[in-house]
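Visitor: Before I ask anything, here is the structure I am working with.
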Amino acid sequence: MTHATKAIYRLLLSDYVKVSKVSVEDMLFDEQDILRSMDKIEVIDFHQTLEVNGIRFWCYTAGHVLGAAMFMVDIAGVRILYTGDYSREEDRHLRAAELPQFSPDICIIESTYGVQQHQPRHVREKRFTDVIHTTVSQGGRVLIPAFALGRAQELLLILDEYWSNHQELHKIPIYYASPLAKKCMAVYQTYINSMNERIRNQFAQSNPFHFKHIEPLNSIDNFHDVGPSVVMASPGGLQSGLSRQLFDKWCTDKKNSCVIPGYVVEGTLAKTIINEPREVTLANGLTAPLHMQVHYISFSAHADFPQTSTFLDELRPPNIVLVHGEANEMSRLKQKLISQFDGTNTKVVNPKNCQSVEMYFSSEKMAKTIGRLAEKVPEAGESVSGLLVKKGFTYQIMAPEDLRVYTQLSTANIIQRIAVPYSGSFEVIKYRLRQIYESVETSTEEPDVPTLIVHERVTIRLESESYVTLQWSSDPISDMVSDSVVAMVLNIGREGPKIVPVEEAVKTQEETERVAQKVVYALMVSLFGDVKVAEQGKLVITVDGQVAHLDGRSGDVECENITLKERIKTAFRRIQGAVRPIPLPSS
Amino acid sequence: MGTSVQITPLSGAYGEGPLCYLLAVDGFRFLLDCGWTDLCDPSHLQPLARVATTIDAVLLSHPDVMHLGALPYAVKHLGLSAPVYATEPVFRLGILTLYDYSLSRWQVSDFDLFTLDDIDAAFQNVVRLKYSQNHLLNDKGEGIVIAPHVAGHDLGGTVWKITKDGEDVVYAVDFNHRKERHLNGTALGSFVRPAVLITDAYNALNNHVYKRQQDQDFIDALVKVLTSGGSVLLPVDTAGRVLEILLILEQYWTQRHLVYPIYFLTNVSTSTVDYVKSFLEWMNDSISKSFEHTRDNAFLLKYVTLIINKDELERLGDAPKVVLASMASLEVGFSHDIFVEMANEAKNLVLFTEKGQFGTLARMLQVDPPPKAVKVTMSKRIPLVGDELKAYEEEQERIKKDEALKASLSKKEEMKASLGSNLKASDPMVTDASTSRKPSNAGSYLVGNVDILIDGFVPPSTSVAPMFPFFENTSEWDDFGEVINPDDYMMKPDEMDNISMLGAGDGMESKLDEGSARLLLDSKPSKVISNEMTVQVKCSLAYMDFEGRSDGRSVKSVIAHVAPLKLVLIHGSAEATEHLKMHCSKNSDLHVYAPQIEETIDVTSDLCAYKVQLSEKLMSNVLSKKLGEHEIAWVDAEVGKADEKLTLLPPSSTPASHKSVLVGDLKLADFKQFLANKGLQVGFHMQIW
């Protein structure tokens, strides 16, 4: 949340805890819980971009109350705008909701006022000031139940200005009655930079929230109820607290007025008196006649239909999700929006609570190939191999050598060396290795130490009479080779000198080839069944009447059925991988 | 190929001059800072003058003279008209700093390089940004994103990140990695491998490590002087580092219950603190936290008195006190005057909290050993009296007359021209074709053409008879009477606002303190008298580093951490620049540049890159491993081409095997931990190869 929201959050909830009259057990949270939650809150300033797990988000001014924000969330290029409560009308201290620079893919928008249209602001302000002026000039008292923070400050600005312009009212006091009045004002006096140009310009002269005609009032005990006055008191619903105390006191006098300045929750006394009943129940349970005049002048800063409609028209989001509104009103808004965007590809949904809306976006995944891999832009058909590095939602392809240059990651090598006790002849090891591996070379780098190199991966050295060492640089194949070598060496040690090294004829190339072909044939039979051997190492495979010719050496397949061709190819590739698990250094 | 990047220092390279650099990113020319010295010598701005008109955008990083002092002059005289980008505090405090600067100058000289109006005009072009706000540039700079990030050092201080095509150019000068009383440490450490890092070598040789003890020593030094009956002068800047010093003083005065008065004296001190109070969002977390919890604004100063002229100090006389006065260089301003007053008392102390600018009085006093005496020019602005006043008035009168004459002449010319053109209009009665028929507008029409009446009526040569302007009221009537337009009678929503807007300036008018305003508005003719005098420096002098910059060692480690591909060093003495250059060149990967003034260096990255699309088919076969915030996989793919776009498809044939790659840092200690977790007792053998 924004800085101002965090400050207000704290005050508003503390105020709520203080004025709510429920017993301790029914209390959902207390002051301590609020304090604990404060540490969890991360603040974000308007337009500041934050990134969490590759999801970027930032917020725009929403114009609803001080610190109100609309959030834009960017997940892998798909943008979602959540307006929250917003208003496109600039008022005395707040900026109107901004129009985001980019069009979002989904716009989640509030629909509190649905298809209704507000009276223009100046008309509402005039009604408001007129009601108050008439009441106080007739010697009555005006009660304005409102939340301590938020719209209250806008009303105070209106009142302060009106009083400044009307000399004759100067002797009538305005009270801003909330246990938190002073602290609230501190918040508003500080976060001037979240407000509109008008206020900021006034700030250059003097702080507009240092009111000249409005006094804070901490409790009803300090209030001397003599003669006309204007009191703004919390809570806004008249459930309890100061506003209720004053209401009980004043409701029977028809000279008095009560101005309800905004949205009130169903079930509260404020909602009840809007319908002007004859009698009301006081806080002490008694019934009293309601004589005071009740006016409902809404200053709640929510967008009305014209605002919503132009806002969406300028944004042009392909998907609109309506939230926060009364069901009927919402459906009417939906119908109107659908007809407005008729012909365009705009979808409007209004999910119920707990009903999830699923949308699928397939975004093109783009990768940037950088570094030495990108020295030449490849032509179609060429192959690219490298590391694909994904951070957040951006992909990069690079050569392993460049990893260190373009990321914070680095490549590493593990060189392993193991000493295995062995006291036999080195020739035995060499003989055994030759039986297993195709490439076993004798190294002559150090003449005194007999050394063997297997597949250019694992080096085996006879370090002394009692042990040999193996050294290799870790990778899956080398690990496997060295494992087998270790097992073999240990086996020789256990079997003792039973085996006599006999120089055997070196296996010929053709022989190896023949063995390999036999294996290929056997595996192919097990896979495809009907396999015949043709000339020149070719295999003829028949599956369901489809005939394929496989060249056992090159792996080329001739077949009319493409699916079968692919299958045989893959099978052959895998068989080859099994027959020759270790690529020969020469190949 | 990568984005082309060129850098040309215009000032402040291989030296500690003011900061001003030209950065061209793919032809878009940024001016990075626009600084001047306290001496304000226009000849320093020669290099800027040559390029000022070609600049596309100006980025400001700190609200002090060294970073933005030349902006008004450049806008007024050098034709700099590009939009300026700065954070809100840099914008506000920058204006205040320049007000103070200009007023201080004006009091002692006929300062005419720029006026307060010029400052307002220069800052009118400022686009105000928030920290980490990604701002996209338009038109010529299409595709370039600029974002300010926290720099520490000053309130609103900025490290600029300029991004194009995924390549970052970071401009970070005077950053501070350390968290202070009112500021967070810089966010520079969170940048990873930018293509270019431009940073200063200012503190490269200064390995002074900040200790908590330093605050203590600072206060002890003050208290010692105060208890022995002396006064302390702290020459400070207008709205930068002084904020931190104010908080230190507040804190210790509270802790130790000290009663000595503290004065903060600049031309704009009260508005500075007023604005600073509303910049909580820009300060460090503990300040905003304390505000959220207790509503205590850290800048509600209890012990510091804000004053805007010396009256109160003079009333106080010789009593012990602490005075923070601008400018830090002691060249002009209140600090200059107070220094002269305090210098010849041995019990007094002048404590410098930052290194003086080169060639200023403050720098002279900071040498070791300090000079016994210094020459200063005492200047004063006094109102004109007697004959001088008379002469001045006559002069003014004459000028006025001349102007009036000229004006009337030119007006006549205009009149003739306009009448001439109007002759073409078919109706000779209407002198202006655009005349509205609405009666309400007729009034303004008359006002607009009032010159006609004053200068006499010149009949159009073609007109039949001379005639005064006449407007016919042509209201329409129908069966119900005059046709009215309801809009004329509607109360306009704006009107109500306008009432209250009266008197609230036009937005750019920042608040001036009353005293200064009086001084300015006071158009009484005045003159400046100066006399040179020699001041015996008997008072003690001290220097303590409260500059709020990272020291040499930290700068090196920050550079190593950020690990740019190319590093450009600026703003530091030749020695410091060379030292840092040598140090950083040790790293073979890093290209280090240290350009001279007006030397253009090309730091275009030699990075090759092309974009490819990753096909769904390929990606479904890729198994990636998570490593920290990265996910890594090996891909073998075949390139497909469609509409000039490259796409990676799964390979059609068996790819050549590749050497396996091991990614990540290996530590035996981690391995030991792993084994221990598996229940194996392991210990390191004494020697690990």
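By order of appearance in the structure tokens: chains A, B, ..., then residues from 1 within every chain, and ligands from 1 in the order shown.
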Within 6 Å of chain A, which residues of chain B show up when using only C-alpha atoms, listed as a ChimeraX atom specification?
Guide: /B:131-133,278,292,493,504,507,510-511,607-614,630-641,662-664
Visitor: Within stretch 281-402 of chain B, find each residue whose DSSP state, derived from the backbone, is strand (DSSP E), and express the selection as a list in words.
Guide: Val304, Thr305, Leu306, Ile307, Val322, Val323, Leu324, Ala325, Leu349, Val350, Leu351, Phe352, Ala373, Val374, Lys375, Val376, Thr377, Met378, Ser379, Lys380, Arg381, Ile382 and Pro383 of chain B
Visitor: I'd like to know which residues of stretch 527-651 of chain B are helix (DSSP H, G or I) (by DSSP, run on the backbone); could you write them as a ChimeraX atom specification?
Guide: /B:552-562,574-585,616-619
Visitor: Report as a ChimeraX atom specification all protein, DNA and RNA residues lying within 10 Å of B:Leu389, evaluated on only C-alpha atoms, omitting residues in the same chain fewer than 4 positions from it.
Guide: /B:383-385,393-395,524-527
Visitor: Take the residues from that selection and write them out as a JSON list (two decimals), in the first residue's frame, keeping all heavy atoms.
Guide:
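As a result, out.json now contains:
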[["chain", "number", "residue", "atom", "x", "y", "z"],
["B", 383, "PRO", "N", 20.83, 50.96, 0.84],
["B", 383, "PRO", "CA", 19.95, 51.79, 0.01],
["B", 383, "PRO", "C", 20.67, 53.07, -0.41],
["B", 383, "PRO", "O", 21.55, 53.57, 0.30],
["B", 383, "PRO", "CB", 18.77, 52.11, 0.91],
["B", 383, "PRO", "CG", 19.08, 51.58, 2.25],
["B", 383, "PRO", "CD", 20.38, 50.87, 2.22],
["B", 384, "LEU", "N", 20.29, 53.57, -1.54],
["B", 384, "LEU", "CA", 20.89, 54.81, -2.02],
["B", 384, "LEU", "C", 20.32, 55.98, -1.23],
["B", 384, "LEU", "O", 19.15, 55.98, -0.86],
["B", 384, "LEU", "CB", 20.58, 55.00, -3.50],
["B", 384, "LEU", "CG", 21.21, 53.98, -4.45],
["B", 384, "LEU", "CD1", 20.76, 54.28, -5.86],
["B", 384, "LEU", "CD2", 22.71, 54.02, -4.35],
["B", 385, "VAL", "N", 21.14, 56.97, -0.98],
["B", 385, "VAL", "CA", 20.64, 58.17, -0.29],
["B", 385, "VAL", "C", 21.20, 59.40, -0.99],
["B", 385, "VAL", "O", 22.19, 59.34, -1.73],
["B", 385, "VAL", "CB", 21.07, 58.20, 1.20],
["B", 385, "VAL", "CG1", 20.21, 57.28, 2.01],
["B", 385, "VAL", "CG2", 22.54, 57.86, 1.34],
["B", 393, "GLU", "N", 17.23, 58.13, -9.54],
["B", 393, "GLU", "CA", 15.83, 58.35, -9.90],
["B", 393, "GLU", "C", 15.71, 59.03, -11.26],
["B", 393, "GLU", "O", 14.86, 58.70, -12.07],
["B", 393, "GLU", "CB", 15.12, 59.17, -8.82],
["B", 393, "GLU", "CG", 14.60, 58.27, -7.73],
["B", 393, "GLU", "CD", 14.18, 59.03, -6.50],
["B", 393, "GLU", "OE1", 14.34, 60.27, -6.49],
["B", 393, "GLU", "OE2", 13.73, 58.38, -5.54],
["B", 394, "GLU", "N", 16.59, 60.01, -11.45],
["B", 394, "GLU", "CA", 16.57, 60.71, -12.74],
["B", 394, "GLU", "C", 16.86, 59.73, -13.87],
["B", 394, "GLU", "O", 16.19, 59.73, -14.90],
["B", 394, "GLU", "CB", 17.61, 61.84, -12.74],
["B", 394, "GLU", "CG", 17.03, 63.11, -12.15],
["B", 394, "GLU", "CD", 18.12, 64.12, -11.82],
["B", 394, "GLU", "OE1", 19.23, 63.96, -12.37],
["B", 394, "GLU", "OE2", 17.85, 65.02, -11.02],
["B", 395, "GLU", "N", 17.84, 58.90, -13.60],
["B", 395, "GLU", "CA", 18.22, 57.91, -14.60],
["B", 395, "GLU", "C", 17.03, 57.01, -14.95],
["B", 395, "GLU", "O", 16.69, 56.79, -16.10],
["B", 395, "GLU", "CB", 19.38, 57.07, -14.04],
["B", 395, "GLU", "CG", 19.78, 55.86, -14.86],
["B", 395, "GLU", "CD", 20.61, 56.25, -16.07],
["B", 395, "GLU", "OE1", 21.06, 57.42, -16.12],
["B", 395, "GLU", "OE2", 20.79, 55.41, -16.96],
["B", 524, "LYS", "N", 13.52, 49.40, -3.52],
["B", 524, "LYS", "CA", 14.26, 50.63, -3.25],
["B", 524, "LYS", "C", 15.62, 50.55, -3.92],
["B", 524, "LYS", "O", 16.29, 49.53, -3.86],
["B", 524, "LYS", "CB", 14.47, 50.78, -1.73],
["B", 524, "LYS", "CG", 13.54, 51.82, -1.12],
["B", 524, "LYS", "CD", 13.96, 52.08, 0.28],
["B", 524, "LYS", "CE", 12.79, 51.92, 1.23],
["B", 524, "LYS", "NZ", 13.22, 51.59, 2.57],
["B", 525, "PRO", "N", 16.00, 51.60, -4.55],
["B", 525, "PRO", "CA", 17.31, 51.54, -5.19],
["B", 525, "PRO", "C", 18.39, 51.31, -4.15],
["B", 525, "PRO", "O", 18.33, 51.85, -3.05],
["B", 525, "PRO", "CB", 17.44, 52.91, -5.84],
["B", 525, "PRO", "CG", 16.44, 53.77, -5.17],
["B", 525, "PRO", "CD", 15.34, 52.88, -4.71],
["B", 526, "SER", "N", 19.32, 50.48, -4.51],
["B", 526, "SER", "CA", 20.38, 50.19, -3.56],
["B", 526, "SER", "C", 21.66, 49.96, -4.32],
["B", 526, "SER", "O", 21.67, 49.83, -5.54],
["B", 526, "SER", "CB", 20.02, 48.95, -2.75],
["B", 526, "SER", "OG", 19.79, 47.89, -3.64],
["B", 527, "LYS", "N", 22.75, 49.93, -3.59],
["B", 527, "LYS", "CA", 24.01, 49.66, -4.25],
["B", 527, "LYS", "C", 24.85, 48.78, -3.34],
["B", 527, "LYS", "O", 24.52, 48.58, -2.16],
["B", 527, "LYS", "CB", 24.74, 50.96, -4.57],
["B", 527, "LYS", "CG", 25.11, 51.73, -3.31],
["B", 527, "LYS", "CD", 26.10, 52.81, -3.58],
["B", 527, "LYS", "CE", 26.50, 53.51, -2.29],
["B", 527, "LYS", "NZ", 27.53, 54.50, -2.47]]
Visitor: Rank nothing, just name the residue among A:His213, A:Ile75, A:Glu25, A:Lys254 nearest to A:Gly139, using only C-alpha atoms.
Guide: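 For A:Gly139, the nearest of the given residues is A:Lys254.
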Visitor: Neighbours of stretch 347-349 of chain A within 9 Å (only C-alpha atoms; same-chain residues fewer than 6 positions away dropped), as a list in words?
Guide: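 Residues near the query, excluding close chain neighbours: Pro317, Pro318, Asn319, Ile320, Val321, Leu322, Lys334, Gln335, Leu337, Ile338, Phe341 and Val357 of chain A.
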Visitor: Would you save the residues of that selection, restricted to C-alpha atoms, as a PDB file, in the first residue's frame?
Guide:
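Contents of the output file selection37.pdb:
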ATOM      1  CA  PRO A 317      -9.157  -3.333 -22.304  1.00  0.00           C
ATOM      2  CA  PRO A 318     -10.147  -6.542 -24.121  1.00  0.00           C
ATOM      3  CA  ASN A 319     -11.455  -8.019 -20.866  1.00  0.00           C
ATOM      4  CA  ILE A 320     -13.479  -6.236 -18.204  1.00  0.00           C
ATOM      5  CA  VAL A 321     -14.239  -7.745 -14.825  1.00  0.00           C
ATOM      6  CA  LEU A 322     -16.855  -5.925 -12.753  1.00  0.00           C
ATOM      7  CA  LYS A 334     -22.693  -4.965 -17.736  1.00  0.00           C
ATOM      8  CA  GLN A 335     -25.493  -4.666 -20.275  1.00  0.00           C
ATOM      9  CA  LEU A 337     -20.975  -1.743 -21.350  1.00  0.00           C
ATOM     10  CA  ILE A 338     -21.666  -4.649 -23.674  1.00  0.00           C
ATOM     11  CA  PHE A 341     -18.356  -1.969 -26.820  1.00  0.00           C
ATOM     12  CA  VAL A 357     -12.842 -16.102 -13.642  1.00  0.00           C
TER      13      VAL A 357
END
